[in-house]
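For reference, model-v5.txt is printed below; it contains compact mmCIF, C-alpha atoms.
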# COMPACT_ATOMS: atom_id res chain seq x y z
CA MET A 1 -21.62 132.06 12.48
CA VAL A 2 -18.74 134.48 11.89
CA LYS A 3 -20.72 136.20 9.14
CA ILE A 4 -23.66 136.68 11.48
CA LEU A 5 -21.42 138.15 14.17
CA LEU A 6 -19.77 140.49 11.66
CA SER A 7 -23.18 141.59 10.38
CA ILE A 8 -24.36 142.37 13.92
CA LEU A 9 -21.14 144.27 14.61
CA ALA A 10 -21.48 146.27 11.42
CA LEU A 11 -25.11 147.08 12.27
CA LEU A 12 -24.12 148.28 15.73
CA VAL A 13 -21.33 150.49 14.33
CA ILE A 14 -23.65 152.02 11.72
CA SER A 15 -26.36 152.69 14.28
CA SER A 16 -23.78 154.21 16.61
CA LEU A 17 -22.45 156.54 13.93
CA THR A 18 -26.01 157.55 13.09
CA VAL A 19 -26.67 158.41 16.72
CA PHE A 20 -23.31 160.17 16.95
CA SER A 21 -24.14 162.40 13.99
CA GLN A 22 -27.50 163.18 15.55
CA THR A 23 -25.98 164.19 18.86
CA ARG A 24 -23.73 166.71 17.12
CA SER A 25 -26.68 168.60 15.74
CA ASP A 26 -29.33 168.02 18.38
CA GLU A 27 -27.17 167.71 21.52
CA TRP A 28 -29.19 164.88 22.96
CA ARG A 29 -27.96 162.62 25.70
CA TYR A 30 -28.58 158.98 24.84
CA GLU A 31 -29.01 156.39 27.53
CA GLY A 32 -30.01 152.78 27.59
CA PRO A 33 -29.12 149.29 28.75
CA ARG A 34 -25.49 148.37 28.28
CA VAL A 35 -24.52 144.78 27.49
CA GLY A 36 -21.00 143.45 27.25
CA LEU A 37 -18.61 140.60 27.34
CA ASP A 38 -15.99 140.05 30.03
CA LEU A 39 -12.77 139.55 28.06
CA SER A 40 -10.79 138.53 31.13
CA ARG A 41 -12.59 135.17 31.22
CA PHE A 42 -10.93 134.31 27.92
CA LEU A 43 -7.53 135.35 29.25
CA LEU A 44 -7.79 133.13 32.33
CA ASN A 45 -6.57 130.06 30.54
CA SER A 46 -3.35 131.65 29.39
CA MET A 47 -2.59 133.65 32.52
CA GLN A 48 -3.37 131.23 35.33
CA SER A 49 -2.27 127.68 35.90
CA GLY A 50 -4.91 125.05 35.36
CA LYS A 51 -7.13 124.74 32.34
CA THR A 52 -9.87 127.25 32.96
CA THR A 53 -12.36 128.18 30.30
CA GLY A 54 -15.55 130.17 30.44
CA TRP A 55 -17.48 133.23 29.44
CA GLU A 56 -19.34 136.01 31.18
CA ILE A 57 -21.97 138.48 30.00
CA GLN A 58 -22.47 141.70 31.90
CA GLY A 59 -25.28 144.21 31.64
CA ASP A 60 -26.36 147.39 33.35
CA ILE A 61 -28.97 150.07 32.97
CA PRO A 62 -28.80 153.67 34.19
CA TYR A 63 -31.06 154.60 37.05
CA LYS A 64 -31.44 158.21 38.19
CA GLY A 65 -28.36 159.23 36.25
CA SER A 66 -25.50 157.92 38.35
CA LEU A 67 -26.68 154.53 39.56
CA PHE A 68 -26.34 151.43 37.41
CA PRO A 69 -28.17 148.27 38.52
CA THR A 70 -26.22 145.39 37.04
CA PHE A 71 -26.66 141.74 36.18
CA GLU A 72 -23.84 139.40 35.30
CA THR A 73 -24.00 135.75 34.33
CA GLY A 74 -21.54 133.21 33.05
CA MET A 75 -20.09 129.75 33.20
CA GLN A 76 -16.68 128.37 34.04
CA THR A 77 -15.01 125.02 33.59
CA MET A 78 -11.77 123.97 35.21
CA ASN A 79 -9.68 120.95 34.40
CA ASP A 80 -6.76 120.90 36.82
CA LYS A 81 -4.55 117.91 36.19
CA HIS A 82 -1.59 117.26 38.47
CA ASP A 83 0.69 114.25 38.89
CA ILE A 84 -1.02 113.32 42.15
CA PHE A 85 -4.66 114.15 41.39
CA HIS A 86 -7.01 115.35 38.68
CA TYR A 87 -9.63 117.90 39.71
CA LYS A 88 -12.57 118.88 37.53
CA ASN A 89 -15.05 121.60 38.28
CA SER A 90 -17.73 123.27 36.17
CA GLY A 91 -20.81 125.36 36.74
CA ASN A 92 -22.89 128.46 36.11
CA TYR A 93 -23.18 131.62 38.13
CA ALA A 94 -25.00 134.91 38.30
CA ARG A 95 -24.51 138.18 40.14
CA VAL A 96 -26.81 141.09 40.80
CA GLY A 97 -25.73 144.42 42.17
CA ILE A 98 -25.30 148.09 41.57
CA ASP A 99 -22.55 150.48 40.46
CA MET A 100 -22.39 154.08 41.54
CA ASN A 101 -20.67 156.84 39.60
CA LEU A 102 -18.23 158.59 41.92
CA GLY A 103 -17.89 161.70 39.79
CA LYS A 104 -20.21 163.68 37.60
CA PHE A 105 -20.70 163.75 33.87
CA GLU A 106 -19.17 166.86 32.31
CA SER A 107 -21.45 167.22 29.33
CA LEU A 108 -24.42 165.65 27.58
CA LYS A 109 -22.04 163.52 25.52
CA ASP A 110 -19.88 162.48 28.45
CA HIS A 111 -20.53 158.89 29.54
CA ASP A 112 -17.15 158.06 31.08
CA PHE A 113 -17.28 157.26 34.75
CA VAL A 114 -15.36 155.91 37.72
CA PHE A 115 -17.45 153.75 39.98
CA ILE A 116 -17.68 151.68 43.09
CA GLY A 117 -20.12 148.83 43.26
CA ALA A 118 -21.40 145.84 45.14
CA ARG A 119 -22.61 142.43 44.02
CA LEU A 120 -24.27 139.36 45.42
CA GLY A 121 -23.43 136.17 43.58
CA TYR A 122 -24.73 132.63 43.42
CA SER A 123 -23.00 129.69 41.78
CA LEU A 124 -24.29 126.23 41.00
CA PHE A 125 -21.50 123.87 40.11
CA ASN A 126 -20.19 120.33 40.39
CA GLN A 127 -16.78 118.95 41.20
CA GLN A 128 -15.06 115.63 40.74
CA THR A 129 -11.62 114.38 41.75
CA ASP A 130 -9.93 111.44 40.08
CA SER A 131 -6.56 109.71 40.23
CA ILE A 132 -5.69 110.76 43.76
CA TYR A 133 -2.32 109.15 44.33
CA ASN A 134 -0.91 108.51 47.78
CA SER A 135 1.99 106.40 48.94
CA ASN A 136 3.84 105.63 52.14
CA TYR A 137 5.73 102.77 53.82
CA TRP A 138 2.72 100.46 53.42
CA GLY A 139 2.25 100.93 49.69
CA SER A 140 0.37 103.21 47.36
CA THR A 141 -3.28 103.86 46.51
CA ILE A 142 -5.18 105.52 43.73
CA THR A 143 -8.67 106.68 44.65
CA SER A 144 -11.28 109.09 43.37
CA PHE A 145 -14.25 111.08 44.61
CA PRO A 146 -17.29 111.01 42.33
CA ARG A 147 -19.01 114.03 40.83
CA ARG A 148 -20.98 116.06 43.34
CA SER A 149 -23.31 119.05 42.89
CA MET A 150 -22.54 122.04 45.06
CA SER A 151 -23.52 125.66 45.44
CA ALA A 152 -21.96 128.81 46.83
CA ASN A 153 -22.90 132.41 47.40
CA TRP A 154 -20.70 135.40 47.95
CA ALA A 155 -20.52 139.19 48.05
CA GLU A 156 -18.24 141.49 46.07
CA LEU A 157 -16.98 145.05 46.35
CA LEU A 158 -15.81 146.70 43.15
CA PHE A 159 -13.84 149.65 41.96
CA GLY A 160 -13.58 150.36 38.27
CA MET A 161 -13.89 152.61 35.27
CA LYS A 162 -15.88 152.62 32.07
CA GLY A 163 -15.14 154.86 29.14
CA GLU A 164 -16.89 155.40 25.84
CA ILE A 165 -14.26 154.53 23.23
CA PHE A 166 -16.57 154.97 20.25
CA PRO A 167 -20.16 156.16 20.29
CA ASN A 168 -22.13 153.59 22.29
CA PHE A 169 -19.09 151.31 22.56
CA PHE A 170 -17.53 151.15 26.01
CA PHE A 171 -14.37 149.67 27.41
CA GLY A 172 -13.98 149.17 31.13
CA TRP A 173 -12.37 147.32 33.95
CA SER A 174 -13.04 146.59 37.57
CA LEU A 175 -11.10 145.24 40.52
CA ARG A 176 -13.14 143.00 42.74
CA ALA A 177 -12.70 141.86 46.32
CA LYS A 178 -14.83 138.82 47.03
CA LEU A 179 -16.13 137.46 50.30
CA LEU A 180 -17.33 133.87 50.29
CA LEU A 181 -20.50 133.69 52.39
CA ALA A 182 -21.44 130.02 52.10
CA VAL A 183 -20.47 126.92 50.18
CA THR A 184 -21.73 123.34 50.29
CA LYS A 185 -19.57 121.32 52.65
CA ASP A 186 -17.61 118.36 51.37
CA ALA A 187 -15.85 115.93 53.71
CA HIS A 188 -12.95 115.39 51.33
CA ILE A 189 -12.23 118.53 49.34
CA LYS A 190 -13.28 122.12 49.78
CA PRO A 191 -13.58 123.53 46.25
CA TYR A 192 -10.54 125.71 45.67
CA VAL A 193 -11.99 127.24 42.52
CA ILE A 194 -15.63 128.24 42.37
CA PRO A 195 -17.23 129.47 39.13
CA GLY A 196 -17.90 133.18 39.55
CA ILE A 197 -15.52 133.61 42.45
CA GLY A 198 -12.28 132.11 41.25
CA ASN A 199 -9.52 130.81 43.47
CA THR A 200 -10.63 130.47 47.09
CA SER A 201 -7.56 128.80 48.55
CA GLY A 202 -6.01 132.10 49.67
CA GLY A 203 -7.58 134.73 51.89
CA THR A 204 -9.88 137.24 50.22
CA PRO A 205 -10.12 136.30 46.55
CA PHE A 206 -9.35 139.26 44.31
CA ASP A 207 -10.37 139.30 40.71
CA PHE A 208 -10.01 141.55 37.74
CA SER A 209 -12.55 142.03 35.03
CA VAL A 210 -12.05 143.81 31.73
CA GLY A 211 -14.83 144.06 29.21
CA VAL A 212 -16.26 145.66 26.12
CA TYR A 213 -19.85 146.86 26.13
CA TYR A 214 -22.45 148.16 23.76
CA ARG A 215 -25.10 150.59 24.89
CA PHE A 216 -28.48 150.43 23.20
CA PRO A 217 -29.38 154.12 22.81
CA ILE A 218 -33.06 153.74 23.62
CA PHE A 219 -33.70 156.78 25.79
CA LYS A 220 -32.74 160.37 24.98
CA SER A 221 -32.94 163.53 26.99
CA LYS A 222 -31.46 167.02 27.21
CA LYS A 223 -31.00 166.88 30.95
CA MET A 224 -27.70 166.17 32.65
CA PRO A 225 -27.87 163.33 35.14
CA LYS A 226 -27.56 164.52 38.71
CA PRO A 227 -24.47 163.40 40.58
CA ILE A 228 -24.90 161.45 43.78
CA LYS A 229 -24.77 163.76 46.77
CA MET A 230 -22.14 162.51 49.18
CA GLY A 231 -22.37 164.61 52.31
CA GLY A 232 -23.00 164.34 55.98
CA ALA A 233 -25.65 166.10 58.02
CA LYS A 234 -26.08 169.81 57.43
CA HIS A 235 -25.22 172.21 60.21
CA PRO A 236 -27.27 175.37 59.57
CA GLY A 237 -25.59 177.25 62.38
CA LEU A 238 -22.21 177.03 60.66
CA ASN A 239 -23.39 178.32 57.29
CA ASN A 240 -24.54 181.77 58.47
CA GLY A 241 -26.73 182.16 55.44
CA THR A 242 -23.98 181.48 52.91
CA ASP A 243 -24.02 178.62 50.48
CA SER A 244 -20.61 177.33 49.51
CA ASN A 245 -22.04 175.69 46.41
CA ASN A 246 -23.37 179.00 45.14
CA PRO A 247 -20.74 181.52 44.12
CA ASN A 248 -23.32 184.31 44.26
CA SER A 249 -24.52 183.71 47.78
CA GLY A 250 -21.75 185.54 49.61
CA GLN A 251 -18.26 184.89 50.89
CA SER A 252 -17.38 181.32 51.58
CA GLY A 253 -15.42 180.24 54.61
CA ARG A 254 -11.66 180.06 54.58
CA GLY A 255 -10.34 177.07 52.70
CA ARG A 256 -13.63 176.30 51.07
CA GLN A 257 -13.80 175.79 47.34
CA ASN A 258 -16.58 177.10 45.22
CA TYR A 259 -18.26 174.39 43.24
CA ASN A 260 -19.87 175.20 39.95
CA SER A 261 -22.31 172.50 38.92
CA GLY A 262 -21.94 173.45 35.29
CA ASN A 263 -25.66 173.17 34.61
CA MET B 264 -10.46 159.66 30.90
CA ARG B 265 -10.08 157.09 28.16
CA TYR B 266 -6.35 157.14 28.76
CA PHE B 267 -6.92 156.30 32.43
CA VAL B 268 -9.33 153.53 31.53
CA ILE B 269 -6.82 151.86 29.23
CA VAL B 270 -3.74 152.44 31.39
CA GLY B 271 -5.65 151.32 34.48
CA SER B 272 -6.72 148.19 32.66
CA LEU B 273 -3.17 147.29 31.76
CA PHE B 274 -1.90 147.98 35.28
CA ALA B 275 -4.64 145.93 36.91
CA LEU B 276 -4.12 143.16 34.37
CA MET B 277 -0.45 143.08 35.32
CA LEU B 278 -1.29 142.78 39.04
CA TRP B 279 -3.92 140.18 38.37
CA SER B 280 -1.56 138.00 36.39
CA CYS B 281 0.71 137.57 39.41
CA ASN B 282 0.22 134.36 41.32
CA ASN B 283 1.90 132.86 44.33
CA GLY B 284 3.73 130.08 42.52
CA ASN B 285 2.89 126.47 41.95
CA ARG B 286 4.90 124.62 44.57
CA CYS B 287 3.84 122.60 47.56
CA TYR B 288 4.78 124.22 50.86
CA ASP B 289 2.67 122.03 53.16
CA SER B 290 3.35 118.61 54.61
CA VAL B 291 1.33 115.69 53.28
CA ASP B 292 3.11 113.06 55.41
CA THR B 293 0.75 111.66 57.98
CA LEU B 294 2.62 109.98 60.80
CA MET B 295 1.49 108.72 64.19
CA VAL B 296 3.63 110.26 66.92
CA THR B 297 4.44 107.40 69.26
CA SER B 298 6.38 107.42 72.51
CA PHE B 299 7.85 104.37 74.22
CA SER B 300 8.47 103.79 77.89
CA ILE B 301 9.17 100.72 80.08
CA ASP B 302 8.18 101.96 83.52
CA GLY B 303 9.70 105.37 83.74
CA PHE B 304 12.81 104.09 85.54
CA LYS B 305 14.19 101.40 83.23
CA THR B 306 16.12 102.60 80.20
CA ILE B 307 15.40 101.53 76.66
CA ASN B 308 18.77 100.52 75.24
CA SER B 309 17.62 99.46 71.81
CA LEU B 310 14.43 99.91 69.78
CA VAL B 311 13.81 98.29 66.39
CA ILE B 312 10.42 98.58 64.65
CA ASN B 313 9.20 96.87 61.49
CA GLY B 314 5.81 96.58 59.93
CA VAL B 315 4.05 93.23 60.36
CA ASN B 316 5.12 90.94 57.48
CA ARG B 317 7.75 93.48 56.49
CA SER B 318 11.07 91.96 57.45
CA ASP B 319 13.11 92.51 54.30
CA LEU B 320 16.19 94.63 54.13
CA GLY B 321 15.13 98.26 54.09
CA ASP B 322 11.80 97.57 55.75
CA THR B 323 12.97 98.72 59.17
CA LEU B 324 11.07 101.79 60.32
CA VAL B 325 13.12 102.52 63.45
CA ASN B 326 16.54 101.30 64.51
CA ASP B 327 17.59 103.25 67.58
CA SER B 328 20.41 101.95 69.77
CA SER B 329 20.78 104.95 72.03
CA SER B 330 19.83 104.60 75.71
CA ALA B 331 16.97 106.66 77.09
CA LEU B 332 14.12 106.39 79.57
CA THR B 333 11.59 107.31 76.90
CA LYS B 334 11.82 107.42 73.14
CA SER B 335 9.58 108.98 70.53
CA ASP B 336 9.19 108.08 66.87
CA ASN B 337 6.77 108.83 64.06
CA LEU B 338 5.14 105.75 62.48
CA PRO B 339 3.16 105.48 59.22
CA LEU B 340 -0.28 103.87 59.18
CA SER B 341 -1.77 101.75 56.43
CA LEU B 342 -3.46 103.47 53.48
CA THR B 343 -5.67 100.53 52.58
CA ALA B 344 -6.40 98.43 55.69
CA ASP B 345 -8.37 99.45 58.76
CA SER B 346 -5.60 98.31 61.09
CA THR B 347 -1.84 98.60 61.07
CA GLY B 348 0.55 96.16 62.72
CA PHE B 349 4.05 96.78 64.05
CA VAL B 350 6.71 94.38 65.30
CA ILE B 351 8.55 96.17 68.11
CA LYS B 352 11.83 94.81 69.45
CA THR B 353 12.78 96.54 72.71
CA ASN B 354 15.93 95.57 74.65
CA GLY B 355 15.91 92.31 72.72
CA THR B 356 12.29 91.39 73.45
CA THR B 357 9.87 91.27 70.53
CA ASP B 358 6.22 92.37 70.75
CA THR B 359 3.48 92.96 68.23
CA LEU B 360 1.02 95.83 68.27
CA PHE B 361 -2.05 96.29 66.06
CA ILE B 362 -3.71 99.70 65.87
CA ARG B 363 -7.32 99.91 64.59
CA HIS B 364 -8.20 103.10 62.77
CA THR B 365 -10.35 104.73 60.14
CA MET B 366 -8.77 106.48 57.16
CA SER B 367 -10.02 109.18 54.84
CA LEU B 368 -8.28 111.50 52.43
CA VAL B 369 -8.38 115.23 53.04
CA PHE B 370 -7.37 117.96 50.64
CA VAL B 371 -4.25 119.86 51.69
CA SER B 372 -3.73 122.31 48.85
CA ARG B 373 -3.82 122.59 45.10
CA TYR B 374 -0.13 121.84 44.71
CA CYS B 375 0.23 119.34 47.57
CA GLY B 376 -2.80 117.23 46.82
CA PHE B 377 -4.40 114.99 49.40
CA ALA B 378 -3.16 113.51 52.66
CA PRO B 379 -4.51 110.60 54.72
CA ASP B 380 -6.39 111.51 57.87
CA TYR B 381 -6.81 108.80 60.53
CA VAL B 382 -8.80 108.36 63.70
CA LEU B 383 -7.39 105.80 66.12
CA LEU B 384 -10.07 103.49 67.47
CA GLY B 385 -8.18 101.01 69.65
CA CYS B 386 -5.42 98.44 69.75
CA ARG B 387 -4.41 94.93 70.72
CA HIS B 388 -0.96 93.70 71.57
CA THR B 389 1.17 90.86 72.91
CA SER B 390 1.89 90.45 76.63
CA GLY B 391 5.27 92.22 76.56
CA ILE B 392 3.36 95.46 76.19
CA ASP B 393 1.74 96.45 79.47
CA SER B 394 -0.65 99.08 78.09
CA VAL B 395 -1.18 101.56 75.28
CA LYS B 396 -2.65 104.97 75.95
CA ILE B 397 -4.19 106.99 73.12
CA PHE B 398 -3.72 110.70 73.88
CA HIS B 399 -4.69 112.22 70.51
CA PRO B 400 -6.78 109.86 68.35
CA LYS B 401 -6.70 112.14 65.31
CA VAL B 402 -3.64 111.53 63.13
CA ASN B 403 -3.15 113.98 60.27
CA PRO B 404 -0.27 115.88 58.62
CA SER B 405 -0.13 118.31 61.55
CA SER B 406 0.29 115.50 64.11
CA ILE B 407 4.07 115.67 63.90
CA GLN B 408 3.79 119.11 65.45
CA LEU B 409 2.74 117.33 68.66
CA ALA B 410 6.33 116.18 69.21
CA PRO B 411 8.32 116.52 71.42
CA ASN B 412 5.85 117.52 74.12
CA GLY B 413 2.85 115.58 72.87
CA GLN B 414 2.12 112.28 71.15
CA ASN B 415 -0.75 110.37 69.60
CA ILE B 416 -0.08 107.25 71.62
CA THR B 417 2.29 106.05 74.34
CA ILE B 418 3.30 102.40 74.56
CA TYR B 419 4.20 101.20 78.06
CA PHE B 420 6.22 97.99 78.06
CA SER B 421 6.04 95.46 80.89
CA SER B 422 9.07 95.94 83.15
CA ALA B 423 9.06 92.25 84.07
CA ARG B 424 9.54 91.23 80.43
CA HIS B 425 12.14 93.87 79.53

I need this file expressed as structure tokens, please.
Amino acid sequence: MVKILLSILALLVISSLTVFSQTRSDEWRYEGPRVGLDLSRFLLNSMQSGKTTGWEIQGDIPYKGSLFPTFETGMQTMNDKHDIFHYKNSGNYARVGIDMNLGKFESLKDHDFVFIGARLGYSLFNQQTDSIYNSNYWGSTITSFPRRSMSANWAELLFGMKGEIFPNFFFGWSLRAKLLLAVTKDAHIKPYVIPGIGNTSGGTPFDFSVGVYYRFPIFKSKKMPKPIKMGGAKHPGLNNGTDSNNPNSGQSGRGRQNYNSGN
Amino acid sequence: MRYFVIVGSLFALMLWSCNNGNRCYDSVDTLMVTSFSIDGFKTINSLVINGVNRSDLGDTLVNDSSSALTKSDNLPLSLTADSTGFVIKTNGTTDTLFIRHTMSLVFVSRYCGFAPDYVLLGCRHTSGIDSVKIFHPKVNPSSIQLAPNGQNITIYFSSARH
């Protein structure tokens, strides 16, 4: 298994270096679907209380230069054993959404970007609680609630960065604010950890994701992707025939900055 | 850019690793807030409460010898049975009260676990108790916040017997 993984890794590095050498001479811009692994899922176990294990695969594909439709899927298992109860929870989840590059790429070889994004997620999981211990004046009891299938859906807002560390290899992170939209009701215990969302016992669950990605350089072009235009309505009367984006179109208004697109 | 990606990752990782501790800050004690009154004019000089069939040393729930027109105490309900019985000795007169209830466990928090949650259904009692009024049938960990202005039940003793 390890040999296979190493072989795939070596193949990816070789193909990347090949593409890298091509871009030096031909100055092509390579694009393609990007697939990666969320490393933070592996860190959960050591950084948070409770035995949480899981994995998550993330993928995106460029659309019109600065938009990146994304798909993320994974699984999570939690084994939270306390003196007074033992909670188990496991399930699968998926998210779909889009990331938007906030800046613009500086050159054909530039693929680093800062983004905001949104996701919609769905989780199918089950939970079980054993060894619930209670005691008072009248004595003590030990009870349990059997395994029950549940589902949840939620929305996320993201802010993050992705940078190309080596040709076609990316490293990135994102901060995520999550809003739980719906979860199956349970008379005894509201799930305090939901696969794909994380801890829901506080207010808005925040999460952090850090991953490594590989881009399959399938498409190539010599055109720079256009940045997303972020502007309000135009007011022709205020321009007086001048274009602040064009340094040759006349004098700009006071305080305005000339913007050279670089193309 | 790559510098920002890596430094940002480390910074966010540091923030993310913070958690709000692993201690229980909520109450999981579920007690029925009970007030006692004879007729509103007669003082209660002594009040001793035990559970039914619990008369050993250390089994006394309440032992109050102060004089007052009304008294209020918090009483535990059974975790296993669907009724709880109390032996109440007021001004030297002994009565027995049985409260019928349902019980389920509700989750309080990850570090506090579960707490019993009751709904009072009714009661029966000996003749020294004139009546029992259920004001708030739901008994849960937040019931103790009803005191001192509110209570789950009020027990009115017969003035002729006390």

- Task: Kindly determine which residues of chain A lie within 6 Å of chain B, considering all atoms listed in the file, and give the answer as a PyMOL selection string.
- Result: chain A and resi 47+138+161+163+173+188-189

- Message: The residues within 7 Å of (-5.2, 101.4, 68.3), using only C-alpha atoms and the coordinates of the file, should be reported as a list of chain:residue names; which are they?
- Response: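 Here is the list of nearby residues: B:Phe361, B:Ile362, B:Arg363, B:His364, B:Leu383, B:Leu384, B:Gly385, B:Cys386, B:Arg387.
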
- Any idea what the distance is between CA of Gln127 in chain A and CA of Ile57 in chain A?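 Those two atoms sit 23.1 Å apart.
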
- What separation in Å, quoted to one decimal, exists between CA of Thr359 in chain B and CA of Asn136 in chain A? 20.5 Å

- Find the spatial neighbours of Asp80 in chain A, counting only C-alpha atoms, within a cut-off of 8 Å - ignore same-chain residues fewer than 3 positions away - and output them as a ChimeraX atom specification. /A:50-51,86-88

- Item | Residues near Asp358 in chain B, cut-off 6 Å, all atoms listed in the file, skip fewer than 6 positions along chain, as a ChimeraX atom specification | /B:350-351,389,391

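For Val402 in chain B, the set of protein, DNA and RNA residues having any atom at most 6 Å away, when counting all atoms listed in the file and skipping those fewer than 4 positions along the same chain, is Met295, Asp380, Tyr381 and Ser406 of chain B.
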
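Across A:Ser201, A:Ser144, A:Gln76, A:Asn101, the tightest approach to Lys64 in chain A is made by A:Asn101 when counting all atoms listed in the file.
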
- Task: Record the distance separating CA of Phe169 in chain A and CA of Lys220 in chain A, expressed in Å with one decimal.
- Result: 16.6 Å

- Task: Identify, on the basis of all atoms listed in the file, every residue whose closest approach to range 24-39 of chain A does not exceed 10 Å; exclude the query and any residue fewer than 2 positions from it along the same chain; express the result as a PyMOL selection string.
- Result: chain A and resi 19-22+41-44+54-63+65+68-72+74+107-111+167-173+208-225

- Item | Selected residue, from A:Phe125, A:Phe166, A:Phe159, A:Tyr133, that lies nearest to Gly91 in chain A when counting only C-alpha atoms |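 Ranking A:Phe125, A:Phe166, A:Phe159, A:Tyr133 by distance to Gly91 in chain A, first place goes to A:Phe125.
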